[in-house]
Number of protein chains: 2
Amino acid sequence: MLENAKAVGKPLKTIRPIPTLEDVAEMAAVSTATVSRSLNSPERVGEKTRKRVMEAVEKLGYTPNFAAQVMAAKRSFTIGAVLPTMENAIFARGMQAFQEELYHRGYVLLVSSFLYDPDIEEDQIRTMVARGADGLLLIGHDRDPSIYKYLQNHNVPTLVSWMYNEAEPHPSVGFDNRKSMANLVAEVIAKGHRKLAAIVGNKQHNDRVRQRILGMKDSLRAHGLDTSSLEIVETPNDIESGGDSFEALMSKSHQPTAIICGNDVLAVGAMRRARQLNIDVPGDVSVTGFDDIELAKIVDPPLTTVHVPHQEMGRRAAGELISLIKGETDAVAVNLKTTVKIRASLGSPKS
Amino acid sequence: MLENAKAVGKPLKTIRPIPTLEDVAEMAAVSTATVSRSLNSPERVGEKTRKRVMEAVEKLGYTPNFAAQVMAAKRSFTIGAVLPTMENAIFARGMQAFQEELYHRGYVLLVSSFLYDPDIEEDQIRTMVARGADGLLLIGHDRDPSIYKYLQNHNVPTLVSWMYNEAEPHPSVGFDNRKSMANLVAEVIAKGHRKLAAIVGNKQHNDRVRQRILGMKDSLRAHGLDTSSLEIVETPNDIESGGDSFEALMSKSHQPTAIICGNDVLAVGAMRRARQLNIDVPGDVSVTGFDDIELAKIVDPPLTTVHVPHQEMGRRAAGELISLIKGETDAVAVNLKTTVKIRASLGSPKS
DNA sequence: TCTCAAGATGCAAGCGCTTACATTCTTGCC
DNA sequence: GGCAAGAATGTAAGCGCTTGCATCTTGAGA
């Protein structure tokens with residue numbers, strides 16, 4: 001993977017070399033140990049000494065060398081996040097909150113995205129570990145067990161997010177995708193819909209999608225409806241594909257009266273296509289989403305969806321992961337509450 | 001050596017300690033130097049030796065220790081990006097492309113966001129440098145000169161993005177905010193609008209905003225209009241604030257016929273509020289944005305805006321930054337092309 | 001068979017920092 | 001004033017890897 005770095009000579013030598021601990025020590029006339037302590041555990045150093053050291057630090061513009069710190073102390077204050085993509089607003093938001101919280105606690109965030117390719121994901125996880133990440137944030141539980149073993153061998157605490165599933169053993173901060181979707185579908189059924197169809201993202205390697213599908217079926221079953229009749233279209237996660245799938249579903253003879261989308265992006269795609277095709281939402285067909293991204297409130301009509309507390313999730317994830325790293329916690333499984341947001345895209349079926 | 005691993009009484013669960021170069025060397029019966037070379041410059045090692053080494057690497061599941069590599073080799077294959085926020089789709093997109101390109105070239109991305117606070121930004125820049133980032137990506141040119149000096153002292157190549165401005169000395173990959181905005185406003189004027197107003201983000205510490213404002217004025221002037229009459233409202237960068245500002249502008253006695261927004265987010269906020277207030281766009285007032293995020297095409301009516309090639313910008317930025325790091329380039333100033341997208345939110349003023 | 005360059009490999013000196021342990025200096029107290 | 005317990009500081013051993021330089025092979029040419 002690594003391109004060999006060409007050992008090209010750097011343009012110029014720095015005029016003033018970067019100061020090291022030793023330079024500071026010399027200027028303050030103390031040992032490097034004292035400087036290190038002044039910086040990391042000030043209470044263990046005499047007051048005037050510390051002050052002298054700090055002045056030297058200031059004067060030299062000293063910044064500790066991170067790699068050296070990591071090597072010597074065996075912790076990096078770095079946390080890695082390996083995401084499917086940063087492009088989807090839900091991840092962007094969650095990460096923003098995650099990063100803010102990390103920053104406040106003195107950690108730095110290393111991110112990478114694997115575009116839903118499990119091989120790339122694995123590679124990126126290994127890279128993060130090799131880089132000395134103190135902990136990792138992953139999305140969803142579904143991955144090869146060898147990866148979890150690897151993580152355990154290397155003693156890297158890992159938190160799974162975006163999912164809460166009590167059946168899974170790994171620490172997590174998430175929400176119940178299945179139940180949330182079931183709640184939403186219950187509302188759809190309550191409106192009188194009996195002919196449902198679904199548009200979802202690729203369910204391979206994606207337990208969130210699978211859970212949501214299960215949730216739909218749970219709800220159908222709970223209301224005495226036949227789950228096998230639920231037509232499910234799997235498609236890439238973008239607006240255009242959502243539109244295509246919508247069109248495909250609506251051109252069948254047995255048209256659904258409500259289309260449940262696996263997330264808001266697909267739903268927005270469906271609604272846009274509906275408008276282009278002159279299909280009225282919710283008059284001709286109702287559409288629902290999942291996530292409650294900004295877009296959901298802005299489209300016309302506003303989208304019925306499941307509100308997920310992305311920011312809170314990011315924040316909590318940061319907190320719990322750090323606890324895990326510090327050994328303050330053993331395991332956690334935080335289940336955040338989602339709420340169904342009924343908006344105008346959901347109506348009653350034409351009788 | 002290995003015995004050391006369990007020396008301290010830590011809650012150590014690792015069954016098999018993490019293998020080091022030395023372990024590999026021992027198993028392959030060669031020196032650590034040879035192992036290192038097998039990994040980093042294979043051509044300098046005999047074929048069978050290399051093969052033996054690779055087998056040992058495989059068998060032990062060896063992954064090089066990053067911090068040690070950085071210390072010894074003085075390069076980290078890490079690039080830092082310091083952004084205003086990841087929440088705005090424009091940065092999320094650009095970063096996605098940036099990160100993908102970096103990944104392909106064997107680099108890793110360290111990100112942080114400073115929420116438009118220059119002090120936090122400075123802190124984060126220093127952190128990145130201390131962490132051994134080989135290069136940095138910053139947004140916009142506007143920051144204290146001491147920061148650039150610091151970066152230069154530490155010999156950290158830095159690329160400025162989101163801006164192209166030939167007056168600025170730093171390498172950059174961006175676009176001409178001023179001219180782009182001027183082009184857009186020219187279209188607005190061409191539609192017959194004479195009473196314009198603007199809603200923009202906070203212009204302090206943000207040269208993109210300032211450039212865009214200049215662009216508006218350029219265009220007014222070019223068409224013989226009075227620039228001083230352009231009312232400009234400064235507001236935080238979110239949908240709600242965009243709406244508030246819109247309402248404020250429309251409730252004045254001297255109502256504008258077109259409102260130029262500094263970006264799409266503000267424009268969408270304005271349009272949403274317009275709908276709530278029963279003000280027709282573009283019937284009663286035209287609205288324009290900037291960036292052409294997904295949202296722009298989805299709102300109703302679709303938003304007239306300036307299309308910025310965010311992904312290309314991210315990709316190019318990654319490429320140029322790496323060239324800079326490798327010393328293949330001295331300086332660059334890439335000016336990407338933007339295009340005005342005329343959509344239904346722009347109409348002619350009521351006569 | 002001998003020579004010697006080129007190629008392959010090994011040796012060992014760091015890189016800048018943390019920290020266990022050793023040493024020295026202060027105190028408080030009798 | 002003397003002494004022991006702490007507090008303050010110093011000493012130095014690594015952390016795991018890269019790389020300049022030294023050493024050893026090898027094989028072609030003489």
# chains A, B, ... in the order shown; residues from 1 in each chain; ligands from 1
$ residues_around --residues "A:Arg75" --least-positions-apart "4" --cutoff "10 Å" --atoms "only C-alpha atoms (C1' of nucleotides)" --output "ChimeraX atom specification"
/A:67,69-71,132-135,325
$ interface_residues --of "chain D" --to "chain A" --cutoff "10 Å" --atoms "only C-alpha atoms (C1' of nucleotides)" --output "list in words"
DA7, DA8, DT9, DG10, DT11, DG14, DC15 and DG16 of chain D
$ select_by_dssp --residues "stretch 116-312 of chain A" --states "alpha helix (DSSP H)" --output "number ranges by chain"
A: 118-130, 145-153, 177-190, 207-222, 239-250, 264-276, 294-298, 310-312
$ residues_around --residues "A:Ala28" --least-positions-apart "6" --cutoff "9 Å" --atoms "only C-alpha atoms (C1' of nucleotides)" --output "count of residues only"
8
$ closest_atom_pairs --of "chain B" --to "chain A" --cutoff "7 Å" --atoms "only C-alpha atoms" --output "tab-separated table"
residue	atom	partner	partner_atom	distance
B:Thr14	CA	A:Asn153	CA	5.2
B:Ile15	CA	A:Asn153	CA	6.7
B:Arg16	CA	A:Asn153	CA	6.8
B:Ile18	CA	A:His154	CA	6.6
B:Thr63	CA	A:Ala130	CA	6.2
B:Pro64	CA	A:Ala130	CA	6.4
B:Asn65	CA	A:Ala130	CA	5.5
B:Phe66	CA	A:Arg131	CA	4.7
B:Ala67	CA	A:Ala67	CA	4.7
B:Ala68	CA	A:Met71	CA	6.4
B:Val70	CA	A:Ala67	CA	6.3
B:Met71	CA	A:Ala67	CA	5.9
B:Met86	CA	A:Gln96	CA	5.8
B:Glu87	CA	A:Arg93	CA	5.5
B:Ala92	CA	A:Glu87	CA	5.7
B:Arg93	CA	A:Glu87	CA	5.5
B:Gln96	CA	A:Met86	CA	5.8
B:Gln99	CA	A:Ser112	CA	6.9
B:Arg105	CA	A:Glu3	CA	6.1
B:Gly106	CA	A:Leu2	CA	4.4
B:Leu109	CA	A:Leu110	CA	6.2
B:Leu110	CA	A:Leu110	CA	4.7
B:Val111	CA	A:Leu109	CA	6.2
B:Ser112	CA	A:Gln99	CA	6.9
B:Ala130	CA	A:Asn65	CA	5.4
B:Arg131	CA	A:Phe66	CA	4.7
B:Gly132	CA	A:Phe66	CA	6.7
B:Asn153	CA	A:Thr14	CA	5.7
B:His154	CA	A:Ile18	CA	6.6
B:Asn155	CA	A:Thr14	CA	6.5
B:Ile298	CA	A:Val299	CA	6.8
B:Val299	CA	A:Val299	CA	6.0
B:Lys326	CA	A:Val8	CA	6.3
B:Gly327	CA	A:Lys10	CA	6.2
$ interface_residues --of "chain C" --to "chain B" --cutoff "12 Å" --atoms "only C-alpha atoms (C1' of nucleotides)" --output "list in words"
DG7, DA8, DT9, DG10, DC11, DA12, DA13, DG14, DC15, DG16, DC17, DT19 and DA20 of chain C
$ write_last_selection --atoms "N, CA and C atoms (P, O5', C5', C4', C3', O3' and C1' of nucleotides)" --output "PDB file, in the first residue's frame"
ATOM      1  P    DG C   7      25.636  -3.851  -8.227  1.00  0.00           P
ATOM      2  O5'  DG C   7      25.308  -5.000  -7.189  1.00  0.00           O
ATOM      3  C5'  DG C   7      25.470  -6.367  -7.582  1.00  0.00           C
ATOM      4  C4'  DG C   7      25.252  -7.237  -6.376  1.00  0.00           C
ATOM      5  C3'  DG C   7      24.015  -6.857  -5.562  1.00  0.00           C
ATOM      6  O3'  DG C   7      23.370  -8.068  -5.212  1.00  0.00           O
ATOM      7  C1'  DG C   7      25.908  -6.850  -4.159  1.00  0.00           C
ATOM      8  P    DA C   8      21.978  -8.026  -4.397  1.00  0.00           P
ATOM      9  O5'  DA C   8      22.485  -8.509  -2.970  1.00  0.00           O
ATOM     10  C5'  DA C   8      23.067  -9.794  -2.857  1.00  0.00           C
ATOM     11  C4'  DA C   8      23.423 -10.046  -1.416  1.00  0.00           C
ATOM     12  C3'  DA C   8      22.282  -9.795  -0.427  1.00  0.00           C
ATOM     13  O3'  DA C   8      22.182 -10.953   0.383  1.00  0.00           O
ATOM     14  C1'  DA C   8      24.233  -8.617   0.243  1.00  0.00           C
ATOM     15  P    DT C   9      21.054 -11.030   1.527  1.00  0.00           P
ATOM     16  O5'  DT C   9      21.835 -10.418   2.746  1.00  0.00           O
ATOM     17  C5'  DT C   9      22.829 -11.218   3.379  1.00  0.00           C
ATOM     18  C4'  DT C   9      23.515 -10.418   4.449  1.00  0.00           C
ATOM     19  C3'  DT C   9      22.617  -9.986   5.610  1.00  0.00           C
ATOM     20  O3'  DT C   9      22.921 -10.844   6.703  1.00  0.00           O
ATOM     21  C1'  DT C   9      24.228  -8.324   5.016  1.00  0.00           C
ATOM     22  P    DG C  10      22.218 -10.592   8.129  1.00  0.00           P
ATOM     23  O5'  DG C  10      23.370  -9.743   8.842  1.00  0.00           O
ATOM     24  C5'  DG C  10      24.708 -10.234   8.851  1.00  0.00           C
ATOM     25  C4'  DG C  10      25.602  -9.274   9.611  1.00  0.00           C
ATOM     26  C3'  DG C  10      25.045  -8.858  10.983  1.00  0.00           C
ATOM     27  O3'  DG C  10      26.135  -8.815  11.896  1.00  0.00           O
ATOM     28  C1'  DG C  10      25.426  -6.937   9.671  1.00  0.00           C
ATOM     29  P    DC C  11      25.835  -8.610  13.479  1.00  0.00           P
ATOM     30  O5'  DC C  11      26.680  -7.312  13.835  1.00  0.00           O
ATOM     31  C5'  DC C  11      27.479  -6.683  12.857  1.00  0.00           C
ATOM     32  C4'  DC C  11      28.001  -5.367  13.408  1.00  0.00           C
ATOM     33  C3'  DC C  11      27.548  -5.006  14.813  1.00  0.00           C
ATOM     34  O3'  DC C  11      28.601  -4.299  15.423  1.00  0.00           O
ATOM     35  C1'  DC C  11      26.680  -3.438  13.287  1.00  0.00           C
ATOM     36  P    DA C  12      28.534  -3.895  16.979  1.00  0.00           P
ATOM     37  O5'  DA C  12      27.904  -2.447  16.903  1.00  0.00           O
ATOM     38  C5'  DA C  12      28.559  -1.455  16.123  1.00  0.00           C
ATOM     39  C4'  DA C  12      27.771  -0.169  16.204  1.00  0.00           C
ATOM     40  C3'  DA C  12      27.173   0.133  17.581  1.00  0.00           C
ATOM     41  O3'  DA C  12      27.132   1.532  17.696  1.00  0.00           O
ATOM     42  C1'  DA C  12      25.452   0.031  16.064  1.00  0.00           C
ATOM     43  P    DA C  13      27.411   2.255  19.039  1.00  0.00           P
ATOM     44  O5'  DA C  13      27.234   3.767  18.574  1.00  0.00           O
ATOM     45  C5'  DA C  13      27.715   4.155  17.274  1.00  0.00           C
ATOM     46  C4'  DA C  13      26.719   5.101  16.662  1.00  0.00           C
ATOM     47  C3'  DA C  13      26.111   6.077  17.673  1.00  0.00           C
ATOM     48  O3'  DA C  13      25.966   7.335  17.054  1.00  0.00           O
ATOM     49  C1'  DA C  13      24.393   4.828  16.663  1.00  0.00           C
ATOM     50  P    DG C  14      25.709   8.588  17.940  1.00  0.00           P
ATOM     51  O5'  DG C  14      24.596   8.009  18.955  1.00  0.00           O
ATOM     52  C5'  DG C  14      23.441   8.764  19.177  1.00  0.00           C
ATOM     53  C4'  DG C  14      22.657   8.941  17.892  1.00  0.00           C
ATOM     54  C3'  DG C  14      21.330   9.632  18.161  1.00  0.00           C
ATOM     55  O3'  DG C  14      21.091  10.625  17.198  1.00  0.00           O
ATOM     56  C1'  DG C  14      20.943   7.467  17.225  1.00  0.00           C
ATOM     57  P    DC C  15      20.478  11.992  17.621  1.00  0.00           P
ATOM     58  O5'  DC C  15      18.935  11.797  17.311  1.00  0.00           O
ATOM     59  C5'  DC C  15      18.448  11.747  15.983  1.00  0.00           C
ATOM     60  C4'  DC C  15      16.995  11.379  16.054  1.00  0.00           C
ATOM     61  C3'  DC C  15      16.299  11.984  17.266  1.00  0.00           C
ATOM     62  O3'  DC C  15      15.566  13.131  16.859  1.00  0.00           O
ATOM     63  C1'  DC C  15      15.744   9.639  16.960  1.00  0.00           C
ATOM     64  P    DG C  16      15.894  14.524  17.631  1.00  0.00           P
ATOM     65  O5'  DG C  16      14.888  14.456  18.847  1.00  0.00           O
ATOM     66  C5'  DG C  16      13.500  14.357  18.576  1.00  0.00           C
ATOM     67  C4'  DG C  16      12.787  13.933  19.831  1.00  0.00           C
ATOM     68  C3'  DG C  16      13.049  14.818  21.048  1.00  0.00           C
ATOM     69  O3'  DG C  16      11.780  15.182  21.555  1.00  0.00           O
ATOM     70  C1'  DG C  16      13.372  12.545  21.602  1.00  0.00           C
ATOM     71  P    DC C  17      11.562  15.930  22.916  1.00  0.00           P
ATOM     72  O5'  DC C  17      11.099  14.713  23.822  1.00  0.00           O
ATOM     73  C5'  DC C  17       9.832  14.119  23.550  1.00  0.00           C
ATOM     74  C4'  DC C  17       9.677  12.849  24.318  1.00  0.00           C
ATOM     75  C3'  DC C  17       9.511  13.026  25.812  1.00  0.00           C
ATOM     76  O3'  DC C  17       8.135  12.778  26.124  1.00  0.00           O
ATOM     77  C1'  DC C  17      11.005  11.229  25.282  1.00  0.00           C
ATOM     78  P    DT C  19       5.683   7.887  31.771  1.00  0.00           P
ATOM     79  O5'  DT C  19       6.747   7.120  32.687  1.00  0.00           O
ATOM     80  C5'  DT C  19       7.345   5.934  32.184  1.00  0.00           C
ATOM     81  C4'  DT C  19       8.410   5.469  33.166  1.00  0.00           C
ATOM     82  C3'  DT C  19       8.075   5.755  34.632  1.00  0.00           C
ATOM     83  O3'  DT C  19       8.562   4.672  35.403  1.00  0.00           O
ATOM     84  C1'  DT C  19      10.127   6.713  34.114  1.00  0.00           C
ATOM     85  P    DA C  20       7.655   4.114  36.598  1.00  0.00           P
ATOM     86  O5'  DA C  20       8.637   3.029  37.211  1.00  0.00           O
ATOM     87  C5'  DA C  20       9.200   2.017  36.369  1.00  0.00           C
ATOM     88  C4'  DA C  20      10.614   1.701  36.828  1.00  0.00           C
ATOM     89  C3'  DA C  20      10.755   1.506  38.338  1.00  0.00           C
ATOM     90  O3'  DA C  20      11.718   0.486  38.574  1.00  0.00           O
ATOM     91  C1'  DA C  20      12.069   3.347  37.676  1.00  0.00           C
TER      92       DA C  20
END
$ atom_distance --atom1 "atom CA of A:Arg194" --atom2 "atom CA of A:Asn206"
27.5 Å
